[in-house]
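Enquirer: Before I ask anything, here is the structure I am working with.
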Amino acid sequence: MTDYYETKSQPISRIMVWKAYHKVKENKGSGGVDKMTWEDLDKNLSKNLYKLWNRLTSGSYFPLAVKEVEIKKKDGGIRKLGIPTILDRIAQQTVRAHLEPIVEPQFHENSYGYRLKRNCHQAIDRANHNCNYFDWVIDLDIKGFFDNIDQALLLKAVKHYCKDKWVLMYIKRWLQAGIVQKDGTKTERLTGTPQGGVISPLLANIYLHVVFDKWMEKQHPEKPFERFADDVVVHCKTEKQAKFVLWEIQNRMKGCKLTLHPVKTKIINLTGITTEKYPRKFDFLGYTFKPLWSKTKKGFHLMIAPIMSMKSRKSVIEKLRNLKIHKMRCKIEEIAEKLNPILRGVINYYCKFLPKKTNHLWYMVNLRIQKWINWQKGLSKKESVQWLRTKWKETPELFTHWKLVHP
């Protein structure tokens, strides 16, 4: 009889590995340097997972190098990801499932990134609340955070919260696994933790919890902040406070082998009085926070509110443009089938706060659908608008965004 709870020299049961397999498979993802696909793994699943478990429990498991993959950032730059092999991701999930319940209760209440029952909208909502009580904001940008984490300090932080030697042993091996670049050359990793690993977000949270969250709690408990992974905003009452706190944070980061980006890190003056010139808005998690006039029963009131950022809007428009909707030769129902998952995702994320501020985007989508009608049916602009309005009246739920802006 197979004992799935059996352990050997390391306290890892087979059921832990099986649970990790199912968790990783939910997220899918491509293979690593060994070129193993999910189909390859599933062909001989029991044998592959048994082999992985056997190595993990005996201490003979060593991860392969991660595969470097480049993806485009919204600002036009390049973000380099390190993709582990599928078996290495399963191994990482096994350790993460053990480590996360230990460190999660220790994390700060203002930390929102990659945590259980916490999300971007909670961080944005909290930032919105604080912006209406604090006139000044420090918008922090840690330069190359994932690439510059000091591995010795990270292991020290993990050891502080988790005494299990096997956890530290495998984390150290993952940190020191090399990188196979696009041209096939392998380089050693001396600092950082590669983005793309299953356990990397948890390690990043542990590091910044010690470096920033707990430090802020001790040194500046009266100044609230929101942190989502390495995206951080700090709130201050006065200009003098903001300058001093930023100076102290710079020194703290320097002492922990991190550097604030000299250009992207800024002091924001939302509604404060000063003789110096500062930016009046900042971006956080795809939203722009800036002063807006709001109509109330007592008249117009100046308030800080989050709206979809220009960078996010351009990114969505670019994605829709690349679909080349106007050149598709199919029925409008098929167009809706292709567009609706994208539109639904945008609405769910960017229409949580002040949805009317996204109307310009939906006008653009309607124009693209109208352009498709021009090409498909050979109608004039006026005729295509009329055709689209008739279609909306017949099936008002055809396109997801029509509940916000119809033709």
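Residues are named by chain letter and number: chains run A, B, ... in the order of the structure tokens, numbers start at 1 in each chain, and ligands are numbered from 1 in the order shown.
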Residues of segment 128-155 of chain A that have any atom at most 10 Å from an atom of segment 160-175 of chain A: could you tabulate them with the shortest-distance atom pair and the distance in Å to one decimal, using only C-alpha atoms, ordered by chain and increasing number, as a Markdown table?
Expert:
| residue | atom | partner | partner_atom | distance |
| --- | --- | --- | --- | --- |
| A:Gln151 | CA | A:Leu175 | CA | 7.2 |
| A:Ala152 | CA | A:Lys172 | CA | 9.1 |
| A:Leu154 | CA | A:Lys172 | CA | 9.5 |
| A:Leu155 | CA | A:Leu168 | CA | 6.9 |
Enquirer: Would you kindly return, as a PDB file with all heavy atoms, in the first residue's frame, each protein, DNA or RNA residue with an atom no farther than 10 Å from any atom of Tyr133 of chain A, considering only C-alpha atoms and excluding same-chain residues fewer than 4 positions away?
Expert:
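New file around30.pdb:
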ATOM      1  N   ASN A 128      -6.069  55.450  -1.595  1.00  0.00           N
ATOM      2  CA  ASN A 128      -7.052  56.510  -1.836  1.00  0.00           C
ATOM      3  C   ASN A 128      -7.500  57.147  -0.523  1.00  0.00           C
ATOM      4  O   ASN A 128      -7.608  58.375  -0.408  1.00  0.00           O
ATOM      5  CB  ASN A 128      -8.251  55.919  -2.582  1.00  0.00           C
ATOM      6  CG  ASN A 128      -9.285  56.960  -2.943  1.00  0.00           C
ATOM      7  OD1 ASN A 128      -8.945  58.086  -3.299  1.00  0.00           O
ATOM      8  ND2 ASN A 128     -10.551  56.615  -2.846  1.00  0.00           N
ATOM      9  N   HIS A 129      -7.758  56.315   0.470  1.00  0.00           N
ATOM     10  CA  HIS A 129      -8.159  56.822   1.786  1.00  0.00           C
ATOM     11  C   HIS A 129      -7.071  57.704   2.387  1.00  0.00           C
ATOM     12  O   HIS A 129      -7.343  58.826   2.852  1.00  0.00           O
ATOM     13  CB  HIS A 129      -8.459  55.650   2.715  1.00  0.00           C
ATOM     14  CG  HIS A 129      -8.674  56.046   4.142  1.00  0.00           C
ATOM     15  ND1 HIS A 129      -9.878  56.530   4.610  1.00  0.00           N
ATOM     16  CD2 HIS A 129      -7.823  56.045   5.219  1.00  0.00           C
ATOM     17  CE1 HIS A 129      -9.780  56.793   5.885  1.00  0.00           C
ATOM     18  NE2 HIS A 129      -8.542  56.520   6.297  1.00  0.00           N
ATOM     19  N   HIS A 235       2.904  58.084   2.925  1.00  0.00           N
ATOM     20  CA  HIS A 235       2.130  59.315   3.094  1.00  0.00           C
ATOM     21  C   HIS A 235       2.704  60.168   4.224  1.00  0.00           C
ATOM     22  O   HIS A 235       3.040  59.654   5.294  1.00  0.00           O
ATOM     23  CB  HIS A 235       0.669  58.981   3.391  1.00  0.00           C
ATOM     24  CG  HIS A 235       0.035  58.111   2.352  1.00  0.00           C
ATOM     25  ND1 HIS A 235      -0.616  58.610   1.246  1.00  0.00           N
ATOM     26  CD2 HIS A 235      -0.011  56.753   2.233  1.00  0.00           C
ATOM     27  CE1 HIS A 235      -1.050  57.609   0.507  1.00  0.00           C
ATOM     28  NE2 HIS A 235      -0.697  56.467   1.083  1.00  0.00           N
ATOM     29  N   CYS A 236       2.797  61.480   3.963  1.00  0.00           N
ATOM     30  CA  CYS A 236       3.317  62.421   4.949  1.00  0.00           C
ATOM     31  C   CYS A 236       2.398  63.638   5.045  1.00  0.00           C
ATOM     32  O   CYS A 236       1.670  63.961   4.106  1.00  0.00           O
ATOM     33  CB  CYS A 236       4.731  62.878   4.573  1.00  0.00           C
ATOM     34  SG  CYS A 236       5.958  61.543   4.521  1.00  0.00           S
ATOM     35  N   LYS A 237       2.489  64.332   6.191  1.00  0.00           N
ATOM     36  CA  LYS A 237       1.653  65.512   6.417  1.00  0.00           C
ATOM     37  C   LYS A 237       2.239  66.766   5.777  1.00  0.00           C
ATOM     38  O   LYS A 237       1.511  67.627   5.291  1.00  0.00           O
ATOM     39  CB  LYS A 237       1.466  65.736   7.923  1.00  0.00           C
ATOM     40  CG  LYS A 237       0.528  64.768   8.612  1.00  0.00           C
ATOM     41  CD  LYS A 237      -0.927  65.053   8.251  1.00  0.00           C
ATOM     42  CE  LYS A 237      -1.878  64.200   9.088  1.00  0.00           C
ATOM     43  NZ  LYS A 237      -3.300  64.444   8.716  1.00  0.00           N
ATOM     44  N   THR A 271      -1.958  68.183  -2.325  1.00  0.00           N
ATOM     45  CA  THR A 271      -2.732  69.383  -1.988  1.00  0.00           C
ATOM     46  C   THR A 271      -2.004  70.281  -0.994  1.00  0.00           C
ATOM     47  O   THR A 271      -2.611  71.138  -0.367  1.00  0.00           O
ATOM     48  CB  THR A 271      -4.102  68.986  -1.398  1.00  0.00           C
ATOM     49  OG1 THR A 271      -3.909  68.079  -0.311  1.00  0.00           O
ATOM     50  CG2 THR A 271      -4.989  68.333  -2.446  1.00  0.00           C
ATOM     51  N   MET A 303     -11.002  66.565  -4.031  1.00  0.00           N
ATOM     52  CA  MET A 303     -10.678  65.274  -3.426  1.00  0.00           C
ATOM     53  C   MET A 303      -9.649  64.549  -4.285  1.00  0.00           C
ATOM     54  O   MET A 303      -9.472  64.846  -5.472  1.00  0.00           O
ATOM     55  CB  MET A 303     -11.937  64.403  -3.314  1.00  0.00           C
ATOM     56  CG  MET A 303     -12.601  64.102  -4.642  1.00  0.00           C
ATOM     57  SD  MET A 303     -14.016  63.003  -4.517  1.00  0.00           S
ATOM     58  CE  MET A 303     -13.204  61.446  -4.146  1.00  0.00           C
ATOM     59  N   ILE A 304      -8.954  63.609  -3.664  1.00  0.00           N
ATOM     60  CA  ILE A 304      -7.997  62.763  -4.387  1.00  0.00           C
ATOM     61  C   ILE A 304      -8.707  61.473  -4.765  1.00  0.00           C
ATOM     62  O   ILE A 304      -9.356  60.847  -3.924  1.00  0.00           O
ATOM     63  CB  ILE A 304      -6.768  62.442  -3.524  1.00  0.00           C
ATOM     64  CG1 ILE A 304      -6.179  63.721  -2.921  1.00  0.00           C
ATOM     65  CG2 ILE A 304      -5.722  61.699  -4.350  1.00  0.00           C
ATOM     66  CD1 ILE A 304      -5.743  64.737  -3.947  1.00  0.00           C
TER      67      ILE A 304
END
Enquirer: Please provide as an mmCIF file with C-alpha atoms, in the first residue's frame all residues within 8 Å of segment 277-288 of chain A, with the sequence filter that same-chain residues fewer than 4 positions apart are discarded (counting only C-alpha atoms).
Expert:
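Below you can see result-v6.cif, which holds the result:
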data_model
loop_
_atom_site.group_PDB
_atom_site.id
_atom_site.type_symbol
_atom_site.label_atom_id
_atom_site.label_comp_id
_atom_site.auth_asym_id
_atom_site.auth_seq_id
_atom_site.Cartn_x
_atom_site.Cartn_y
_atom_site.Cartn_z
ATOM 1 C CA CYS A 120 -4.509 45.247 -5.776
ATOM 2 C CA ILE A 124 -5.566 51.111 -4.122
ATOM 3 C CA ASP A 139 6.452 57.436 -4.565
ATOM 4 C CA ASP A 231 5.668 49.141 -5.461
ATOM 5 C CA VAL A 233 3.896 54.744 -1.543
ATOM 6 C CA ILE A 267 7.953 63.424 -3.709
ATOM 7 C CA ILE A 268 4.376 64.210 -4.759
ATOM 8 C CA ASN A 269 2.528 67.317 -3.599
ATOM 9 C CA LEU A 270 -1.151 66.447 -3.817
ATOM 10 C CA THR A 271 -2.732 69.383 -1.988
ATOM 11 C CA PRO A 306 -7.783 56.985 -8.440
ATOM 12 C CA ILE A 307 -8.514 56.795 -12.165
ATOM 13 C CA MET A 308 -7.180 54.526 -14.900
ATOM 14 C CA SER A 309 -3.685 55.747 -15.749
ATOM 15 C CA MET A 310 -2.753 56.991 -19.190
ATOM 16 C CA LYS A 311 -0.091 54.287 -19.419
ATOM 17 C CA SER A 312 -2.696 51.584 -18.722
ATOM 18 C CA TYR A 350 -10.077 49.543 -13.940
#
Enquirer: Just the number, please: distance in Å from atom CA of Leu292 of chain A to atom CA of Lys403 of chain A, one decimal.
Expert: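 If I compute the distance from atom CA of Leu292 of chain A to atom CA of Lys403 of chain A, I get 24.7 Å.
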Enquirer: I want to know what sits within 9 Å of Gly31 of chain A, based on only C-alpha atoms, with residues of the same chain fewer than 6 positions away left out; could you give that as number ranges by chain?
Expert: A: 37-38, 67, 83-86
Enquirer: Between A:Pro11, A:Val405, A:Leu202, A:Gly255, which residue has the minimum interatomic distance to Pro101 of chain A, considering only C-alpha atoms?
Expert: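 Nearest to Pro101 of chain A: A:Leu202.
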Enquirer: Could you tell me which of A:Trp215, A:Ile138, A:Val198, A:Cys256 comes closest to Ala242 of chain A if we count only C-alpha atoms?
Expert: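 Closest candidate: A:Ile138.
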Enquirer: DSSP on the backbone, strand (DSSP E) only: what residues of segment 170-292 of chain A does that give? Format it as a PyMOL selection string.
Expert: chain A and resi 179-180+186-187+225-228+231-236+266-269+282-284+287-292
Enquirer: Hey, which of A:Ala123, A:Lys382, A:Glu333, A:Gln376 ends up closest to Glu397 of chain A? Count only C-alpha atoms.
Expert: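 Going through A:Ala123, A:Lys382, A:Glu333, A:Gln376 one by one, the smallest distance to Glu397 of chain A is for A:Glu333.
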Enquirer: Need the shell around Pro224 of chain A: protein/DNA/RNA residues with any atom at most 8 Å away, counting only C-alpha atoms. Skip same-chain ones fewer than 2 positions apart. Format as a VMD selection string?
Expert: chain A and resid 110 130 221 to 222 226 234 to 236
Enquirer: Hey, what's within 9 Å of Leu388 of chain A if we count only C-alpha atoms and toss same-chain stuff fewer than 2 positions away? As an MDAnalysis selection string, please?
Expert: chainID A and resid 366 369:370 373 383:386 390:393 407
Enquirer: Going by DSSP on the backbone, which residues of segment 245-404 of chain A come out as helix (DSSP H, G or I)? List them as a PyMOL selection string.
Expert: chain A and resi 245-255+310-323+325-327+332-350+355-377+381-394+400-403
Enquirer: Check the smallest atom-to-atom distance from each of A:Glu337, A:Asp42, A:Glu104, A:Asp88 to Gly196 of chain A using only C-alpha atoms, then report the winner.
Expert: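 Among the listed residues, the smallest separation from Gly196 of chain A belongs to A:Asp88.
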Enquirer: Report, in Å with one decimal, the straight-line distance from atom CA of Phe228 of chain A to atom CA of Tyr112 of chain A.
Expert: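 Separating atom CA of Phe228 of chain A from atom CA of Tyr112 of chain A is a distance of 5.0 Å.
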Enquirer: So which one's closest to Lys182 of chain A, A:Val69, A:Val211, A:Val33, A:Leu320? Using only C-alpha atoms, please.
Expert: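 For Lys182 of chain A, the nearest of the candidates is A:Val69.
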